[in-house]
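**Student:** What follows is the file data-v6.cif, containing mmCIF, C-alpha atoms:
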```cif
data_target
#
loop_
_atom_site.label_atom_id
_atom_site.label_comp_id
_atom_site.auth_asym_id
_atom_site.auth_seq_id
_atom_site.Cartn_x
_atom_site.Cartn_y
_atom_site.Cartn_z
CA MET A 615 38.28 -35.12 -21.76
CA MET A 616 38.00 -33.75 -18.24
CA ALA A 617 39.63 -30.51 -19.34
CA LEU A 618 37.23 -30.17 -22.27
CA ALA A 619 34.24 -30.82 -20.03
CA ALA A 620 35.45 -28.21 -17.53
CA ALA A 621 36.03 -25.70 -20.33
CA ALA A 622 32.55 -26.35 -21.76
CA ALA A 623 30.98 -25.97 -18.34
CA SER A 624 32.76 -22.68 -17.76
CA GLN A 625 31.54 -21.13 -21.01
CA THR A 626 28.47 -18.88 -20.96
CA SER A 627 25.80 -19.38 -23.59
CA THR A 628 24.08 -16.54 -25.43
CA GLY A 629 20.83 -17.04 -23.53
CA GLU A 630 22.59 -16.93 -20.19
CA ALA A 631 24.45 -13.77 -21.19
CA VAL A 632 21.24 -12.02 -22.30
CA GLN A 633 19.49 -13.11 -19.13
CA PHE A 634 22.33 -11.86 -16.97
CA TRP A 635 22.59 -8.43 -18.56
CA VAL A 636 18.83 -7.82 -18.67
CA LEU A 637 18.03 -9.04 -15.16
CA GLY A 638 21.29 -7.65 -13.78
CA THR A 639 20.29 -4.18 -15.00
CA VAL A 640 16.88 -4.56 -13.34
CA ALA A 641 18.53 -5.69 -10.10
CA VAL A 642 20.94 -2.72 -10.06
CA LEU A 643 18.11 -0.27 -10.79
CA GLY A 644 16.06 -1.80 -7.96
CA ALA A 645 19.02 -1.51 -5.59
CA LEU A 646 19.54 2.14 -6.53
CA GLY A 647 15.80 2.78 -6.11
CA THR A 648 15.95 1.25 -2.63
CA VAL A 649 18.57 3.79 -1.59
CA LEU A 650 17.45 6.85 -3.56
CA MET A 651 13.63 6.69 -3.28
CA LYS A 652 12.18 9.34 -0.98
CA LYS A 653 9.20 7.28 0.18
CA SER A 654 9.84 4.21 2.31
CA VAL A 655 7.12 2.19 0.59
CA HIS A 656 8.73 2.75 -2.82
CA SER A 657 12.12 1.72 -1.42
CA ALA A 658 10.64 -1.49 -0.02
CA LEU A 659 9.01 -2.33 -3.35
CA SER A 660 12.30 -1.70 -5.19
CA LEU A 661 14.08 -4.04 -2.78
CA ALA A 662 11.40 -6.69 -3.35
CA GLY A 663 11.99 -6.45 -7.10
CA THR A 664 15.74 -6.91 -6.60
CA MET A 665 15.12 -9.99 -4.45
CA ILE A 666 12.89 -11.53 -7.12
CA VAL A 667 15.62 -11.02 -9.74
CA LEU A 668 18.14 -12.72 -7.44
CA ALA A 669 15.74 -15.64 -7.10
CA VAL A 670 15.64 -15.95 -10.89
CA PHE A 671 19.45 -16.02 -10.94
CA TYR A 672 19.47 -18.83 -8.37
CA LEU A 673 16.97 -20.85 -10.37
CA ALA A 674 18.93 -20.36 -13.59
CA GLN A 675 22.10 -21.67 -11.92
CA GLY A 676 20.39 -24.83 -10.69
CA ALA A 677 19.98 -23.81 -7.03
CA TYR A 678 16.26 -24.50 -7.01
CA PHE A 679 15.85 -24.72 -3.26
CA LEU A 680 17.68 -21.43 -2.70
CA GLY A 681 15.62 -19.71 -5.41
CA ILE A 682 12.31 -20.85 -3.91
CA VAL A 683 13.46 -19.83 -0.43
CA GLN A 684 14.47 -16.43 -1.80
CA ILE A 685 10.95 -15.86 -3.13
CA VAL A 686 8.88 -17.45 -0.35
CA VAL A 687 10.87 -16.43 2.72
CA TYR A 688 12.66 -13.19 1.86
CA THR A 689 10.38 -11.61 -0.74
CA GLY A 690 7.07 -13.09 0.38
CA ALA A 691 7.50 -12.98 4.16
CA ILE A 692 10.30 -10.75 5.43
CA MET A 693 10.01 -8.05 2.77
CA MET A 694 6.24 -7.90 3.09
CA LEU A 695 6.68 -7.69 6.86
CA PHE A 696 8.90 -4.65 6.41
CA LEU A 697 6.36 -3.14 4.02
CA PHE A 698 3.45 -3.62 6.43
CA VAL A 699 5.51 -2.19 9.29
CA VAL A 700 6.30 0.90 7.22
CA MET A 701 2.61 1.38 6.40
CA LEU A 702 1.48 0.83 10.00
CA VAL A 703 4.08 3.09 11.58
CA GLY A 704 3.55 5.76 8.94
CA ILE A 705 7.16 6.74 8.25
CA THR A 706 7.43 9.69 5.91
CA ALA A 707 10.28 11.62 4.36
CA ALA A 708 9.94 14.31 7.04
CA ASP A 709 10.30 11.76 9.84
CA SER A 710 13.57 10.45 8.44
CA LEU A 711 15.20 13.88 8.86
CA LYS A 712 14.66 13.89 12.61
CA GLU A 713 17.74 12.53 14.39
CA THR A 714 16.52 10.83 17.54
CA LEU A 715 19.98 9.52 18.55
CA LYS A 716 22.99 11.82 18.61
CA GLY A 717 25.68 10.82 16.15
CA GLN A 718 23.64 8.12 14.44
CA ARG A 719 24.38 9.51 11.00
CA TRP A 720 28.12 9.39 11.59
CA MET A 721 27.79 5.85 12.95
CA ALA A 722 25.73 4.83 9.92
CA ALA A 723 28.31 6.38 7.58
CA ALA A 724 31.14 4.54 9.38
CA CYS A 725 29.27 1.22 9.22
CA GLY A 726 28.56 1.74 5.52
CA LEU A 727 32.21 2.55 4.83
CA GLY A 728 33.35 -0.52 6.75
CA PHE A 729 30.89 -2.73 4.87
CA GLY A 730 32.11 -1.30 1.57
CA ILE A 731 35.73 -2.05 2.47
CA LEU A 732 34.87 -5.63 3.45
CA LEU A 733 32.89 -6.10 0.24
CA ILE A 734 35.71 -4.78 -1.95
CA ALA A 735 38.25 -6.93 -0.08
CA GLY A 736 36.07 -10.01 -0.52
CA ILE A 737 35.63 -9.40 -4.24
CA GLY A 738 39.38 -8.72 -4.61
CA ASN A 739 40.33 -11.99 -2.91
CA ALA A 740 37.82 -14.06 -4.90
CA SER A 741 39.41 -16.76 -7.00
CA LEU A 742 38.05 -17.13 -10.52
CA ASP A 743 40.72 -19.46 -11.92
CA THR A 744 38.67 -22.65 -11.64
CA PHE A 745 34.98 -23.24 -12.21
CA THR A 746 33.35 -25.97 -10.14
CA GLY A 747 29.66 -25.52 -10.93
CA VAL A 748 26.54 -26.02 -8.88
CA GLY A 749 26.16 -29.63 -10.00
CA HIS A 750 29.55 -30.63 -8.59
CA ALA A 751 28.87 -28.73 -5.35
CA ASN A 752 25.49 -30.43 -4.92
CA ALA A 753 26.95 -33.87 -5.66
CA ALA A 754 29.54 -33.48 -2.90
CA ASP A 755 26.85 -33.63 -0.18
CA GLY A 756 24.18 -35.57 -2.01
CA GLY A 757 21.98 -32.72 -3.16
CA ASN A 758 21.36 -28.99 -3.05
CA VAL A 759 19.41 -29.03 0.23
CA GLN A 760 21.98 -31.23 1.97
CA GLY A 761 24.89 -29.10 0.76
CA LEU A 762 23.13 -25.93 1.88
CA ALA A 763 22.40 -27.40 5.30
CA HIS A 764 26.01 -28.55 5.67
CA LEU A 765 27.32 -25.03 5.02
CA VAL A 766 24.71 -23.29 7.16
CA PHE A 767 25.17 -25.45 10.25
CA THR A 768 28.96 -25.83 10.05
CA LYS A 769 30.88 -23.08 8.29
CA TYR A 770 28.34 -20.26 8.48
CA VAL A 771 26.51 -21.21 11.68
CA TRP A 772 27.61 -18.03 13.49
CA ALA A 773 26.41 -15.75 10.68
CA PHE A 774 23.17 -17.75 10.53
CA GLU A 775 22.52 -17.26 14.25
CA ILE A 776 23.29 -13.52 14.08
CA THR A 777 20.91 -13.11 11.13
CA GLY A 778 18.17 -14.94 13.04
CA ALA A 779 18.72 -12.72 16.09
CA LEU A 780 18.50 -9.59 13.90
CA LEU A 781 15.23 -10.76 12.34
CA ILE A 782 13.73 -11.52 15.74
CA THR A 783 14.84 -8.09 16.98
CA ALA A 784 13.24 -6.45 13.94
CA ALA A 785 9.96 -8.28 14.57
CA ILE A 786 9.93 -7.27 18.24
CA GLY A 787 10.78 -3.68 17.30
CA ALA A 788 7.89 -3.60 14.84
CA MET A 789 5.53 -4.81 17.57
CA VAL A 790 6.82 -2.16 19.97
CA LEU A 791 6.46 0.64 17.41
CA THR A 792 2.92 -0.31 16.43
CA HIS A 793 1.72 -0.87 20.00
CA ARG A 794 0.48 2.27 21.71
CA GLU A 795 0.02 2.40 25.46
CA ARG A 796 -3.24 4.11 26.44
CA THR A 797 -2.58 6.80 29.04
CA GLU A 798 -6.25 7.58 29.68
CA GLU A 799 -9.55 5.74 29.60
CA ARG A 800 -11.40 5.44 26.35
CA ARG A 801 -14.15 8.02 26.06
CA THR A 802 -17.66 6.82 25.42
CA GLN A 803 -19.85 7.91 22.52
CA ARG A 804 -21.82 10.22 24.80
CA GLU A 805 -18.65 11.92 26.01
CA LEU A 806 -17.44 12.40 22.45
CA SER A 807 -20.80 13.91 21.46
CA GLU A 808 -20.73 16.30 24.43
CA ALA A 809 -17.17 17.35 23.56
CA ARG A 810 -18.23 18.12 19.98
CA VAL A 811 -21.13 20.25 21.23
CA ARG A 812 -18.88 22.20 23.61
CA GLU A 813 -16.28 22.88 20.94
CA GLY A 814 -18.90 23.79 18.36
CA LYS A 815 -16.71 22.72 15.45
CA GLN A 816 -18.59 19.69 14.17
CA VAL A 817 -21.63 18.79 16.26
CA THR A 818 -22.82 15.93 14.10
CA PRO A 819 -20.59 13.03 13.06
CA LEU A 820 -18.53 13.45 9.93
CA PRO A 821 -20.40 12.58 6.72
CA ALA A 822 -19.51 9.39 4.92
CA PRO A 823 -17.73 9.63 1.56
CA GLY A 824 -19.75 9.25 -1.61
CA THR A 825 -23.11 10.35 -0.15
CA TYR A 826 -25.36 11.62 -2.97
CA ALA A 827 -22.45 11.19 -5.39
CA ARG A 828 -23.54 7.85 -6.96
CA HIS A 829 -20.15 6.43 -5.87
CA ASN A 830 -19.08 5.24 -2.43
CA ALA A 831 -15.29 5.27 -2.90
CA VAL A 832 -13.20 6.79 -0.12
CA ASP A 833 -11.67 9.38 -2.46
CA ILE A 834 -15.05 10.75 -3.62
CA PRO A 835 -16.44 13.35 -1.20
CA ALA A 836 -20.06 13.58 -0.22
CA LEU A 837 -22.26 16.15 -1.92
CA LEU A 838 -24.17 18.90 -0.17
CA PRO A 839 -27.75 19.80 -1.16
CA ASP A 840 -26.50 22.46 -3.56
CA GLY A 841 -24.23 19.97 -5.35
CA THR A 842 -20.91 21.16 -3.91
CA ILE A 843 -18.52 18.73 -2.24
CA SER A 844 -18.09 18.30 1.51
CA GLU A 845 -14.42 18.42 2.51
CA LEU A 846 -15.17 16.74 5.85
CA SER A 847 -16.37 13.52 4.19
CA VAL A 848 -12.91 12.39 3.02
CA SER A 849 -9.75 11.64 4.97
CA SER A 850 -7.41 14.51 5.75
CA THR A 851 -4.55 12.42 4.30
CA LEU A 852 -6.27 12.25 0.92
CA ARG A 853 -7.00 15.98 1.08
CA SER A 854 -3.35 16.83 1.75
CA ARG A 855 -2.21 14.57 -1.09
CA GLY A 856 -4.75 16.03 -3.52
CA GLN A 857 -6.21 12.57 -4.24
CA ILE A 858 -9.86 13.63 -4.23
CA ARG A 859 -12.07 13.03 -7.28
CA ASP A 860 -14.39 15.97 -7.73
CA VAL A 861 -17.80 14.91 -9.04
CA SER A 862 -19.61 18.12 -8.17
CA GLU A 863 -19.87 19.35 -11.78
CA ASP A 864 -21.70 16.22 -12.88
CA SER A 865 -23.90 16.42 -9.81
CA ARG A 866 -24.77 20.04 -10.48
CA ARG A 867 -25.66 19.21 -14.06
CA ARG A 868 -27.94 16.37 -12.95
CA LEU A 869 -29.43 18.62 -10.26
CA ALA A 870 -30.21 21.30 -12.83
CA GLU A 871 -31.88 18.72 -15.08
CA LEU A 872 -33.92 17.48 -12.12
CA GLU A 873 -35.03 21.02 -11.26
CA GLN A 874 -35.98 21.63 -14.86
CA ARG A 875 -38.10 18.49 -14.98
CA ALA A 876 -39.70 19.48 -11.66
CA GLU A 877 -40.60 22.92 -13.02
CA GLU A 878 -42.12 21.36 -16.14
CA TRP A 879 -44.16 18.97 -14.00
CA LEU A 880 -45.35 21.79 -11.70
CA GLU A 881 -46.52 23.80 -14.69
CA ARG A 882 -48.78 20.92 -15.78
CA GLU A 883 -50.02 20.21 -12.25
CA PRO A 884 -52.78 22.94 -12.10
CA ASP A 885 -54.37 21.64 -15.33
CA ARG A 886 -54.43 18.12 -13.90
CA ALA A 887 -55.97 19.48 -10.68
CA LEU A 888 -58.81 21.19 -12.62
CA GLU A 889 -59.48 18.01 -14.58
CA GLN A 890 -59.60 15.99 -11.37
CA ASP A 891 -61.96 18.56 -9.75
CA SER A 892 -64.37 18.51 -12.72
CA SER A 893 -64.39 14.72 -12.79
CA ASP A 894 -65.16 14.61 -9.04
CA ARG A 895 -68.08 17.05 -9.49
CA GLY A 896 -69.44 15.02 -12.37
CA SER A 897 -69.41 11.84 -10.31
CA GLU A 898 -71.21 13.61 -7.42
CA ARG A 899 -73.97 14.87 -9.77
CA SER A 900 -74.45 11.40 -11.21
CA GLU A 901 -74.79 9.91 -7.71
CA GLU A 902 -77.42 12.56 -6.77
CA ALA A 903 -79.39 11.88 -9.94
CA ALA A 904 -79.37 8.15 -9.19
CA LYS A 905 -80.79 8.79 -5.72
#
```
Can the structure in the file be given as structure tokens, please?
**Tutor:**
Amino acid sequence: MMALAAAAASQTSTGEAVQFWVLGTVAVLGALGTVLMKKSVHSALSLAGTMIVLAVFYLAQGAYFLGIVQIVVYTGAIMMLFLFVVMLVGITAADSLKETLKGQRWMAAACGLGFGILLIAGIGNASLDTFTGVGHANAADGGNVQGLAHLVFTKYVWAFEITGALLITAAIGAMVLTHRERTEERRTQRELSEARVREGKQVTPLPAPGTYARHNAVDIPALLPDGTISELSVSSTLRSRGQIRDVSEDSRRRLAELEQRAEEWLEREPDRALEQDSSDRGSERSEEAAK
């Protein structure tokens, strides 16, 4: 009976197989996107997707605590921290090509090769003859949380401490990168205005986006009196990316309609002035007659 129970527990159902192959493909694609994406933000989002898939695997195997921790701590906290750091620092594809430390690429390649060898050796030495199951592992220590705590604080305590030190170092590094030391005193508004006048480039402050455009979005430039767009009203980053919505054609059309209505109104204005003048004279004559 024990042998039959172990054999039944080691068999994979159709639903589990479909789940594994579908989510496993998504996890592998996310991992490849993390390495191959050119933009750091896209790589971080791909890694977040892979972590969510791993959390689903944990939940499907009965490791509920580990699955929730994977989503809340790793995906929701640490991964979002990395994403915000990337957006604050402003790392681009051009910045990644600059080698600030000599030989760091060779060191990174050596570390990656060593990690690959350790990973292959670990997979090669893995024993798949017997299947214990998460339920048996949880029952040994009285539950999933207790079993996880026993492994973390006994067998893997050194790896746990090193991981914590790396995360603290990453947080401190993010604070150092985002903090900028001011080497000079902040200039006042008067000093900035005087500097603009001396340079003669832009005396007045930059126009706000969306002015006279019936939209106030940051990617819609302000409109000049003739209906054309003002390039200075939108961010230079949006201009370089080509993410500006041009609404000048619609504005010119509405401006032409407004001018046409104004011309029609001006053509009727002299007639109305004559009528008003005749009515005023008539009222004056009636007042004189009454006197």
**Student:** By how many Å are CA of Glu775 (chain A) and CA of Val759 (chain A) apart?
**Tutor:** 18.6 Å
**Student:** Which residues are near Ala669 (chain A)? Cut-off 8 Å, only C-alpha atoms, ignore same chain within fewer than 6 positions. Put them as a list in words.
**Tutor:**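 Once the nearby chain positions are removed, what remains is Leu680, Gly681, Ile682, Gln684 and Ile685 of chain A.
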**Student:** Skip Asp755 (chain A) itself and residues of its chain fewer than 5 positions away, then list as a short mmCIF file (atom, residue, chain, number, x, y, z; two decimals) with C-alpha atoms, keeping the file's coordinate frame all residues within 8 Å of it, counting only C-alpha atoms.
**Tutor:**
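As a result, out_18.cif now contains:
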```
data_model
loop_
_atom_site.label_atom_id
_atom_site.label_comp_id
_atom_site.auth_asym_id
_atom_site.auth_seq_id
_atom_site.Cartn_x
_atom_site.Cartn_y
_atom_site.Cartn_z
CA GLN A 760 21.98 -31.23 1.97
CA GLY A 761 24.89 -29.10 0.76
CA HIS A 764 26.01 -28.55 5.67
#
```
**Student:** For Leu646 (chain A), work out the shell of residues within 12 Å, counting all atoms listed in the file and skipping chain neighbours fewer than 4 positions away, then give it as JSON, numbers by chain.
**Tutor:** {"A": [639, 640, 641, 642, 650, 651, 652, 656, 657, 658, 659, 660, 661, 663, 664]}
**Student:** Extract, using all atoms listed in the file, all DNA, RNA and protein residues at most 10 Å from region 783-787 of chain A, discarding same-chain residues fewer than 6 positions from it, and format them as a list in words.
**Tutor:**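 The contact residues come out as Ile692, Leu695, Phe696, Val699, Thr777 and His793 of chain A.
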**Student:** Compile the contact shell of Leu846 (chain A) as number ranges by chain: residues with an atom at most 10 Å away, counting all atoms listed in the file, same-chain residues fewer than 5 positions apart removed.
**Tutor:** A: 816, 819-823, 835-836, 853
**Student:** Measure the distance from CA of Lys815 (chain A) to CA of Ser847 (chain A) in Å and round it to one decimal.
**Tutor:**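 Separating CA of Lys815 (chain A) from CA of Ser847 (chain A) is a distance of 14.5 Å.
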**Student:** For CA of Leu781 (chain A) and CA of Leu765 (chain A), determine how far apart the two atoms are, in Å to one decimal place.
**Tutor:**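 Going from CA of Leu781 (chain A) over to CA of Leu765 (chain A) covers 20.1 Å.
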**Student:** As a check of understanding, name the residues that the PyMOL selection byres ((chain A and resi 833) around 10) selects in the supplied structure, as JSON, numbers by chain.
**Tutor:** {"A": [823, 824, 829, 830, 831, 832, 834, 835, 836, 847, 848, 849, 852, 853, 856, 857, 858, 859, 860]}
**Student:** Go through A:Ala751, A:Leu791, A:Met721, A:Ala735 and flag the residue nearest Ala677 (chain A), using all atoms listed in the file for the distances.
**Tutor:** A:Ala751
